[in-house]
Amino acid sequence: MTRLTEAQRAQLEALRESYRAELPAKLDLIRGTVEALHAGWERSHLQALYDQIHKLTGSAAIYGFGDISRAAADLESWALQALDSGLHEARRLELTPLMSALQEAFSTTETPGAGGPGRVRRRGSRASR
Amino acid sequence: MARRTLKRILLVEDDPDIQTVTSMALGSFGGYTVHVCGSAAEAIESAAEFLPELILLDVMMPGMDGMDTLRALREIPATASTPVIFLTARVQPADVAKYKELDSLAVIRKPFEPTALVETIQNIWIRYRDEAH
């Protein structure tokens with residue numbers, strides 16, 4: 001691992017703070033997409049949710065927000081399965097608890113790295129986009 | 001033949017958050033000159049002018065994905081043989097096999113730790129350079 005100078009460490013910390021400041025907006029965007037999905041269960045909303053959550057899964061882990069990334073990975077996996085095999089009733093019912101878990105991760109994230117940076121558990125892989 | 005030194009890296013990544021932290025790590029921690037592109041089209045347009053010694057390529061991008069971008073870059077004389085490292089969360093064996101078929105140099109798994117990225121790239125580059133000469 002690269003040994004950082006104080007200035008480089010401060011630079012990285014400033015980026016993490018900037019990312020943290022944008023987290024509420026990211027959650028609002030995802031909330032809006034989930035609301036649209038609940039209203040219509042259209043594939044375009046599902047694809048939008050997948051795209052938004054996929055980015056969050058990756059970027060949150062890189063910036064050190066491990067809890068958010070892990071909760072996002074669960075939702076990403078759900079969206080992937082829904083895209084691949086449909087949004088039947090049982091799967092629709094899974095969305096609310098997954099979204100609650102994501103919101104919980106956002107609300108409890110106070111410190112970058114508190115949830116561990118990390119390796120994100122991904123339960124599925126996207127066959128095609 | 002002189003050993004090639006890595007100075008110029010083309011980063012192709014559509015997520016602005018990942019662009020920011022990756023380019024900062026490469027530029028500030030690694031001392032590389034980094035040119036960032038947010039899409040395949042941008043990369044193809046700027047590659048011949050920037051002349052990178054290494055390309056870091058996201059796989060999942062809207063429009064043309066990373067694999068098709070690599071195929072397109074291979075058609076450009078300036079990047080026909082430029083080594084490419086894929087940056088991706090898609091690292092199932094079948095995915096990695098596809099990347100190898102495209103003659104990529106390596107795959108760096110997302111998410112990565114920004115402070116470890118430079119060392120990872122340096123190690124890949126040293127191996128490539130030693131094998132090439």
# chains A, B, ... in the order shown; residues from 1 in each chain; ligands from 1
call {"tool": "interface_residues", "arguments": {"of": "chain B", "to": "chain A", "cutoff": "10 Å", "atoms": "only C-alpha atoms", "output": "PyMOL selection string"}}
result
chain B and resi 14-22+24-25+28-30+60-63+65+88-92+95+109-120
call {"tool": "select_by_dssp", "arguments": {"residues": "segment 15-129 of chain B", "states": "strand (DSSP E)", "output": "list in words"}}
result
Thr33, Val34, His35, Val36, Cys37, Leu54, Ile55, Leu56, Leu57, Asp58, Val84, Ile85, Phe86, Leu87, Thr88, Ala106, Val107, Ile108 and Arg109 of chain B
call {"tool": "residues_around", "arguments": {"residues": "Lys7 of chain B", "least_positions_apart": "3", "cutoff": "12 Å", "atoms": "only C-alpha atoms", "output": "VMD selection string"}}
result
chain B and resid 4 10 26 to 27 30 to 35 50 to 55 121 to 122 125
call {"tool": "residues_around", "arguments": {"residues": "Leu73 of chain B", "least_positions_apart": "4", "cutoff": "12 Å", "atoms": "only C-alpha atoms", "output": "PyMOL selection string"}}
result
chain B and resi 10+12+40-48+51-52+55+57+64+66-69+77-84+102+104
call {"tool": "write_last_selection", "arguments": {"atoms": "N, CA and C atoms", "output": "tab-separated table (two decimals), in the first residue's frame"}}
result
chain	number	residue	atom	x	y	z
B	10	LEU	N	-4.36	6.70	-19.48
B	10	LEU	CA	-5.71	7.09	-19.89
B	10	LEU	C	-6.70	6.31	-19.04
B	12	VAL	N	-10.57	5.45	-18.41
B	12	VAL	CA	-11.89	5.48	-19.05
B	12	VAL	C	-12.89	4.93	-18.04
B	40	ALA	N	-16.60	5.69	-23.97
B	40	ALA	CA	-15.79	5.09	-25.03
B	40	ALA	C	-15.51	6.11	-26.13
B	41	ALA	N	-16.53	6.87	-26.48
B	41	ALA	CA	-16.37	7.85	-27.57
B	41	ALA	C	-15.27	8.86	-27.24
B	42	GLU	N	-15.29	9.33	-26.00
B	42	GLU	CA	-14.25	10.29	-25.57
B	42	GLU	C	-12.87	9.64	-25.63
B	43	ALA	N	-12.79	8.41	-25.19
B	43	ALA	CA	-11.50	7.70	-25.17
B	43	ALA	C	-10.96	7.53	-26.59
B	44	ILE	N	-11.83	7.13	-27.47
B	44	ILE	CA	-11.40	6.89	-28.86
B	44	ILE	C	-10.96	8.20	-29.49
B	45	GLU	N	-11.66	9.27	-29.15
B	45	GLU	CA	-11.34	10.58	-29.73
B	45	GLU	C	-10.01	11.13	-29.20
B	46	SER	N	-9.74	10.90	-27.93
B	46	SER	CA	-8.57	11.55	-27.34
B	46	SER	C	-7.32	10.67	-27.29
B	47	ALA	N	-7.46	9.38	-27.51
B	47	ALA	CA	-6.33	8.46	-27.34
B	47	ALA	C	-5.16	8.80	-28.26
B	48	ALA	N	-5.47	9.12	-29.51
B	48	ALA	CA	-4.39	9.37	-30.47
B	48	ALA	C	-3.62	10.64	-30.13
B	51	LEU	N	-1.80	9.83	-26.34
B	51	LEU	CA	-0.78	8.78	-26.47
B	51	LEU	C	-0.43	8.13	-25.11
B	52	PRO	N	-1.37	7.45	-24.54
B	52	PRO	CA	-1.12	6.82	-23.23
B	52	PRO	C	-0.17	5.64	-23.33
B	55	ILE	N	-3.73	2.04	-20.45
B	55	ILE	CA	-5.16	2.43	-20.42
B	55	ILE	C	-5.84	1.64	-19.31
B	57	LEU	N	-9.50	0.73	-18.05
B	57	LEU	CA	-10.77	0.72	-18.76
B	57	LEU	C	-11.87	0.07	-17.91
B	64	MET	N	-21.21	2.02	-25.41
B	64	MET	CA	-20.20	1.01	-25.71
B	64	MET	C	-19.53	0.56	-24.42
B	66	GLY	N	-16.72	-1.66	-21.98
B	66	GLY	CA	-15.26	-1.66	-21.99
B	66	GLY	C	-14.66	-2.60	-23.01
B	67	MET	N	-15.28	-3.74	-23.19
B	67	MET	CA	-14.72	-4.72	-24.13
B	67	MET	C	-14.80	-4.23	-25.56
B	68	ASP	N	-15.95	-3.63	-25.91
B	68	ASP	CA	-16.06	-3.07	-27.26
B	68	ASP	C	-15.16	-1.85	-27.42
B	69	THR	N	-14.98	-1.11	-26.33
B	69	THR	CA	-14.06	0.04	-26.38
B	69	THR	C	-12.64	-0.44	-26.68
B	77	PRO	N	-4.15	3.18	-34.74
B	77	PRO	CA	-2.72	2.88	-34.71
B	77	PRO	C	-2.04	3.28	-33.40
B	78	ALA	N	-2.42	4.43	-32.84
B	78	ALA	CA	-1.76	4.92	-31.63
B	78	ALA	C	-1.99	4.02	-30.42
B	79	THR	N	-3.07	3.27	-30.41
B	79	THR	CA	-3.37	2.42	-29.25
B	79	THR	C	-3.51	0.94	-29.63
B	80	ALA	N	-3.04	0.62	-30.82
B	80	ALA	CA	-3.19	-0.76	-31.30
B	80	ALA	C	-2.53	-1.77	-30.36
B	81	SER	N	-1.44	-1.37	-29.71
B	81	SER	CA	-0.76	-2.32	-28.83
B	81	SER	C	-0.57	-1.76	-27.41
B	82	THR	N	-1.28	-0.70	-27.09
B	82	THR	CA	-1.16	-0.11	-25.74
B	82	THR	C	-1.74	-1.09	-24.71
B	83	PRO	N	-0.99	-1.40	-23.66
B	83	PRO	CA	-1.54	-2.31	-22.66
B	83	PRO	C	-2.78	-1.75	-21.96
B	84	VAL	N	-3.73	-2.63	-21.72
B	84	VAL	CA	-5.00	-2.23	-21.11
B	84	VAL	C	-5.27	-3.05	-19.86
B	102	LEU	N	-9.30	-10.85	-25.08
B	102	LEU	CA	-9.11	-9.55	-25.72
B	102	LEU	C	-7.68	-9.03	-25.53
B	104	SER	N	-6.07	-8.30	-22.80
B	104	SER	CA	-5.86	-7.27	-21.78
B	104	SER	C	-4.67	-7.68	-20.91
call {"tool": "closest_residue", "arguments": {"among": "A:Lys26, A:Ala101, A:Leu93, A:Gly32", "to": "Asp67 of chain A", "atoms": "only C-alpha atoms"}}
result
A:Ala101
call {"tool": "atom_distance", "arguments": {"atom1": "atom CA of Ala48 of chain A", "atom2": "atom CA of Leu102 of chain A"}}
result
16.7 Å
call {"tool": "atom_distance", "arguments": {"atom1": "atom CA of Leu70 of chain B", "atom2": "atom CA of Val96 of chain B"}}
result
14.4 Å
call {"tool": "atom_distance", "arguments": {"atom1": "atom CA of Ser23 of chain B", "atom2": "atom CA of Arg71 of chain B"}}
result
23.5 Å
call {"tool": "residues_around", "arguments": {"residues": "Ile53 of chain A", "least_positions_apart": "3", "cutoff": "8 Å", "atoms": "only C-alpha atoms", "output": "ChimeraX atom specification"}}
result
/A:30,49-50,56-57,72-73,75-76
call {"tool": "write_last_selection", "arguments": {"atoms": "N, CA and C atoms", "output": "short mmCIF file (atom, residue, chain, number, x, y, z; two decimals), in the first residue's frame"}}
result
data_model
loop_
_atom_site.label_atom_id
_atom_site.label_comp_id
_atom_site.auth_asym_id
_atom_site.auth_seq_id
_atom_site.Cartn_x
_atom_site.Cartn_y
_atom_site.Cartn_z
N ILE A 30 -32.22 7.57 -5.49
CA ILE A 30 -32.62 6.15 -5.44
C ILE A 30 -34.05 6.03 -4.90
N LEU A 49 -32.89 1.89 -11.56
CA LEU A 49 -32.50 1.56 -10.18
C LEU A 49 -31.21 0.74 -10.18
N TYR A 50 -31.14 -0.23 -11.07
CA TYR A 50 -29.93 -1.05 -11.14
C TYR A 50 -28.70 -0.18 -11.43
N LEU A 56 -23.48 3.13 -6.81
CA LEU A 56 -23.34 3.35 -5.36
C LEU A 56 -22.56 2.21 -4.70
N THR A 57 -22.84 0.99 -5.10
CA THR A 57 -22.14 -0.16 -4.52
C THR A 57 -20.63 0.01 -4.67
N ALA A 72 -26.19 -1.63 -0.48
CA ALA A 72 -26.43 -1.37 -1.90
C ALA A 72 -26.20 -2.63 -2.72
N ALA A 73 -25.19 -3.42 -2.35
CA ALA A 73 -24.91 -4.66 -3.09
C ALA A 73 -26.10 -5.62 -3.01
N LEU A 75 -29.24 -4.74 -2.68
CA LEU A 75 -30.28 -4.19 -3.55
C LEU A 75 -29.89 -4.35 -5.03
N GLU A 76 -28.63 -4.22 -5.32
CA GLU A 76 -28.15 -4.42 -6.70
C GLU A 76 -28.43 -5.85 -7.15
#
call {"tool": "select_by_dssp", "arguments": {"residues": "segment 12-131 of chain B", "states": "alpha helix (DSSP H)", "output": "PyMOL selection string"}}
result
chain B and resi 16-24+40-50+66-74+93-101+114-131
call {"tool": "write_last_selection", "arguments": {"atoms": "C-alpha atoms", "output": "compact mmCIF listing (two decimals), in the first residue's frame"}}
result
# COMPACT_ATOMS: atom_id res chain seq x y z
CA PRO B 16 -17.69 10.72 -11.79
CA ASP B 17 -17.10 9.64 -8.17
CA ILE B 18 -14.77 6.87 -9.22
CA GLN B 19 -13.12 9.12 -11.82
CA THR B 20 -12.30 11.63 -9.11
CA VAL B 21 -10.73 9.32 -6.57
CA THR B 22 -8.93 7.19 -9.16
CA SER B 23 -7.39 10.12 -11.00
CA MET B 24 -6.37 11.65 -7.67
CA ALA B 40 -15.79 5.09 -25.03
CA ALA B 41 -16.37 7.85 -27.57
CA GLU B 42 -14.25 10.29 -25.57
CA ALA B 43 -11.50 7.70 -25.17
CA ILE B 44 -11.40 6.89 -28.86
CA GLU B 45 -11.34 10.58 -29.73
CA SER B 46 -8.57 11.55 -27.34
CA ALA B 47 -6.33 8.46 -27.34
CA ALA B 48 -4.39 9.37 -30.47
CA GLU B 49 -3.62 12.81 -29.10
CA PHE B 50 -2.85 11.83 -25.50
CA GLY B 66 -15.26 -1.66 -21.99
CA MET B 67 -14.72 -4.72 -24.13
CA ASP B 68 -16.06 -3.07 -27.26
CA THR B 69 -14.06 0.04 -26.38
CA LEU B 70 -10.90 -2.05 -26.29
CA ARG B 71 -11.73 -3.53 -29.69
CA ALA B 72 -12.20 -0.01 -31.05
CA LEU B 73 -8.95 1.24 -29.50
CA ARG B 74 -7.11 -1.64 -31.17
CA PRO B 93 -14.18 -16.77 -14.28
CA ALA B 94 -16.20 -16.48 -17.49
CA ASP B 95 -15.79 -12.70 -17.45
CA VAL B 96 -12.05 -12.89 -16.82
CA ALA B 97 -11.69 -15.38 -19.66
CA LYS B 98 -13.29 -12.85 -22.00
CA TYR B 99 -10.92 -10.12 -20.87
CA LYS B 100 -7.95 -12.41 -21.52
CA GLU B 101 -9.24 -13.26 -24.98
CA PRO B 114 -7.31 4.01 -3.54
CA THR B 115 -4.11 3.92 -1.53
CA ALA B 116 -3.25 0.48 -2.92
CA LEU B 117 -4.07 1.23 -6.54
CA VAL B 118 -0.73 2.76 -7.48
CA GLU B 119 1.26 -0.15 -6.08
CA THR B 120 -1.00 -2.63 -7.86
CA ILE B 121 -0.49 -0.85 -11.16
CA GLN B 122 3.25 -0.54 -10.62
CA ASN B 123 3.51 -4.27 -10.01
CA ILE B 124 1.51 -5.07 -13.13
CA TRP B 125 3.61 -2.64 -15.14
CA ILE B 126 6.92 -4.05 -13.92
CA ARG B 127 5.80 -7.56 -14.82
CA TYR B 128 4.66 -6.39 -18.25
CA ARG B 129 7.84 -4.45 -18.88
CA ASP B 130 10.07 -7.35 -17.84
CA GLU B 131 8.15 -9.79 -19.99
call {"tool": "residues_around", "arguments": {"residues": "Thr33 of chain A", "least_positions_apart": "3", "cutoff": "12 Å", "atoms": "only C-alpha atoms", "output": "list of chain:residue names"}}
result
A:Lys26, A:Leu27, A:Asp28, A:Leu29, A:Ile30, A:Ala36, A:Leu37, A:His38, A:Ala39, A:Gly40, A:Trp41, A:Glu42, A:Arg43, A:Ser44, A:His45, A:Leu46, A:Gln47, A:Ala48, A:Leu49, A:Tyr50, A:Asp51, A:Gln52, A:Ile53, A:Leu95, A:Met99
call {"tool": "write_last_selection", "arguments": {"atoms": "C-alpha atoms", "output": "mmCIF file, in the first residue's frame"}}
result
data_model
loop_
_atom_site.group_PDB
_atom_site.id
_atom_site.type_symbol
_atom_site.label_atom_id
_atom_site.label_comp_id
_atom_site.auth_asym_id
_atom_site.auth_seq_id
_atom_site.Cartn_x
_atom_site.Cartn_y
_atom_site.Cartn_z
ATOM 1 C CA LYS A 26 -27.706 9.928 -3.922
ATOM 2 C CA LEU A 27 -30.232 8.406 -1.527
ATOM 3 C CA ASP A 28 -32.924 10.844 -2.678
ATOM 4 C CA LEU A 29 -32.310 9.836 -6.285
ATOM 5 C CA ILE A 30 -32.621 6.154 -5.443
ATOM 6 C CA ALA A 36 -41.530 5.286 -9.469
ATOM 7 C CA LEU A 37 -41.016 1.539 -9.495
ATOM 8 C CA HIS A 38 -43.685 1.018 -6.836
ATOM 9 C CA ALA A 39 -46.033 3.181 -8.874
ATOM 10 C CA GLY A 40 -45.524 1.378 -12.133
ATOM 11 C CA TRP A 41 -43.237 -1.693 -11.937
ATOM 12 C CA GLU A 42 -41.826 -0.798 -15.329
ATOM 13 C CA ARG A 43 -38.592 -2.254 -16.615
ATOM 14 C CA SER A 44 -37.175 1.183 -17.382
ATOM 15 C CA HIS A 45 -37.462 2.104 -13.687
ATOM 16 C CA LEU A 46 -35.879 -1.180 -12.707
ATOM 17 C CA GLN A 47 -32.982 -0.606 -15.092
ATOM 18 C CA ALA A 48 -32.550 2.925 -13.723
ATOM 19 C CA LEU A 49 -32.502 1.562 -10.183
ATOM 20 C CA TYR A 50 -29.926 -1.052 -11.143
ATOM 21 C CA ASP A 51 -27.692 1.562 -12.782
ATOM 22 C CA GLN A 52 -27.910 3.925 -9.789
ATOM 23 C CA ILE A 53 -27.363 1.251 -7.201
ATOM 24 C CA LEU A 95 -37.837 -4.379 -2.247
ATOM 25 C CA MET A 99 -34.559 -0.275 0.718
#
call {"tool": "decode", "arguments": {"residues": "segment 25-105 of chain B", "atoms": "C-alpha atoms", "output": "PDB file, in the first residue's frame"}}
result
ATOM      1  CA  ALA B  25      -4.701   8.407  -6.586  1.00  0.00           C
ATOM      2  CA  LEU B  26      -2.877   8.006  -9.885  1.00  0.00           C
ATOM      3  CA  GLY B  27      -1.875  11.641 -10.184  1.00  0.00           C
ATOM      4  CA  SER B  28      -1.155  12.630  -6.601  1.00  0.00           C
ATOM      5  CA  PHE B  29       0.012   9.328  -5.097  1.00  0.00           C
ATOM      6  CA  GLY B  30       1.571   7.844  -8.232  1.00  0.00           C
ATOM      7  CA  GLY B  31       2.832  10.944 -10.006  1.00  0.00           C
ATOM      8  CA  TYR B  32       1.329   9.855 -13.308  1.00  0.00           C
ATOM      9  CA  THR B  33      -0.122  12.154 -15.915  1.00  0.00           C
ATOM     10  CA  VAL B  34      -3.748  11.097 -16.149  1.00  0.00           C
ATOM     11  CA  HIS B  35      -6.295  11.886 -18.813  1.00  0.00           C
ATOM     12  CA  VAL B  36      -9.852  11.018 -17.813  1.00  0.00           C
ATOM     13  CA  CYS B  37     -12.573  10.048 -20.274  1.00  0.00           C
ATOM     14  CA  GLY B  38     -16.164   9.389 -19.294  1.00  0.00           C
ATOM     15  CA  SER B  39     -17.112   7.294 -22.280  1.00  0.00           C
ATOM     16  CA  ALA B  40     -15.794   5.089 -25.031  1.00  0.00           C
ATOM     17  CA  ALA B  41     -16.373   7.848 -27.568  1.00  0.00           C
ATOM     18  CA  GLU B  42     -14.251  10.288 -25.570  1.00  0.00           C
ATOM     19  CA  ALA B  43     -11.497   7.705 -25.175  1.00  0.00           C
ATOM     20  CA  ILE B  44     -11.404   6.892 -28.856  1.00  0.00           C
ATOM     21  CA  GLU B  45     -11.344  10.578 -29.727  1.00  0.00           C
ATOM     22  CA  SER B  46      -8.566  11.548 -27.344  1.00  0.00           C
ATOM     23  CA  ALA B  47      -6.327   8.459 -27.340  1.00  0.00           C
ATOM     24  CA  ALA B  48      -4.389   9.365 -30.467  1.00  0.00           C
ATOM     25  CA  GLU B  49      -3.620  12.815 -29.101  1.00  0.00           C
ATOM     26  CA  PHE B  50      -2.848  11.827 -25.499  1.00  0.00           C
ATOM     27  CA  LEU B  51      -0.776   8.775 -26.465  1.00  0.00           C
ATOM     28  CA  PRO B  52      -1.122   6.823 -23.227  1.00  0.00           C
ATOM     29  CA  GLU B  53       1.373   4.191 -22.180  1.00  0.00           C
ATOM     30  CA  LEU B  54      -1.369   2.415 -20.249  1.00  0.00           C
ATOM     31  CA  ILE B  55      -5.156   2.427 -20.420  1.00  0.00           C
ATOM     32  CA  LEU B  56      -7.388   1.728 -17.429  1.00  0.00           C
ATOM     33  CA  LEU B  57     -10.773   0.722 -18.757  1.00  0.00           C
ATOM     34  CA  ASP B  58     -14.072   0.334 -16.928  1.00  0.00           C
ATOM     35  CA  VAL B  59     -16.129  -2.580 -18.237  1.00  0.00           C
ATOM     36  CA  MET B  60     -19.697  -1.524 -17.489  1.00  0.00           C
ATOM     37  CA  MET B  61     -20.329   1.759 -19.235  1.00  0.00           C
ATOM     38  CA  PRO B  62     -23.488   2.995 -20.908  1.00  0.00           C
ATOM     39  CA  GLY B  63     -23.376   2.758 -24.665  1.00  0.00           C
ATOM     40  CA  MET B  64     -20.196   1.014 -25.715  1.00  0.00           C
ATOM     41  CA  ASP B  65     -18.899  -1.193 -22.907  1.00  0.00           C
ATOM     42  CA  GLY B  66     -15.260  -1.660 -21.988  1.00  0.00           C
ATOM     43  CA  MET B  67     -14.716  -4.723 -24.126  1.00  0.00           C
ATOM     44  CA  ASP B  68     -16.063  -3.066 -27.263  1.00  0.00           C
ATOM     45  CA  THR B  69     -14.057   0.036 -26.383  1.00  0.00           C
ATOM     46  CA  LEU B  70     -10.898  -2.053 -26.294  1.00  0.00           C
ATOM     47  CA  ARG B  71     -11.728  -3.533 -29.686  1.00  0.00           C
ATOM     48  CA  ALA B  72     -12.201  -0.011 -31.051  1.00  0.00           C
ATOM     49  CA  LEU B  73      -8.952   1.238 -29.504  1.00  0.00           C
ATOM     50  CA  ARG B  74      -7.109  -1.641 -31.167  1.00  0.00           C
ATOM     51  CA  GLU B  75      -8.213  -0.265 -34.535  1.00  0.00           C
ATOM     52  CA  ILE B  76      -6.427   3.019 -33.850  1.00  0.00           C
ATOM     53  CA  PRO B  77      -2.715   2.876 -34.713  1.00  0.00           C
ATOM     54  CA  ALA B  78      -1.757   4.921 -31.630  1.00  0.00           C
ATOM     55  CA  THR B  79      -3.373   2.421 -29.252  1.00  0.00           C
ATOM     56  CA  ALA B  80      -3.188  -0.765 -31.300  1.00  0.00           C
ATOM     57  CA  SER B  81      -0.760  -2.316 -28.830  1.00  0.00           C
ATOM     58  CA  THR B  82      -1.157  -0.115 -25.737  1.00  0.00           C
ATOM     59  CA  PRO B  83      -1.544  -2.315 -22.659  1.00  0.00           C
ATOM     60  CA  VAL B  84      -5.005  -2.229 -21.112  1.00  0.00           C
ATOM     61  CA  ILE B  85      -6.090  -3.033 -17.574  1.00  0.00           C
ATOM     62  CA  PHE B  86      -9.781  -3.570 -16.968  1.00  0.00           C
ATOM     63  CA  LEU B  87     -11.317  -2.050 -13.830  1.00  0.00           C
ATOM     64  CA  THR B  88     -14.426  -4.007 -12.980  1.00  0.00           C
ATOM     65  CA  ALA B  89     -16.610  -5.673 -10.384  1.00  0.00           C
ATOM     66  CA  ARG B  90     -17.382  -8.379 -12.914  1.00  0.00           C
ATOM     67  CA  VAL B  91     -14.686 -10.902 -12.178  1.00  0.00           C
ATOM     68  CA  GLN B  92     -16.463 -14.216 -12.537  1.00  0.00           C
ATOM     69  CA  PRO B  93     -14.180 -16.769 -14.283  1.00  0.00           C
ATOM     70  CA  ALA B  94     -16.203 -16.477 -17.493  1.00  0.00           C
ATOM     71  CA  ASP B  95     -15.791 -12.700 -17.449  1.00  0.00           C
ATOM     72  CA  VAL B  96     -12.053 -12.889 -16.824  1.00  0.00           C
ATOM     73  CA  ALA B  97     -11.691 -15.384 -19.664  1.00  0.00           C
ATOM     74  CA  LYS B  98     -13.294 -12.852 -22.004  1.00  0.00           C
ATOM     75  CA  TYR B  99     -10.916 -10.122 -20.875  1.00  0.00           C
ATOM     76  CA  LYS B 100      -7.947 -12.406 -21.522  1.00  0.00           C
ATOM     77  CA  GLU B 101      -9.242 -13.259 -24.980  1.00  0.00           C
ATOM     78  CA  LEU B 102      -9.110  -9.548 -25.724  1.00  0.00           C
ATOM     79  CA  ASP B 103      -5.428  -9.513 -24.796  1.00  0.00           C
ATOM     80  CA  SER B 104      -5.860  -7.268 -21.780  1.00  0.00           C
ATOM     81  CA  LEU B 105      -2.865  -6.974 -19.504  1.00  0.00           C
TER      82      LEU B 105
END
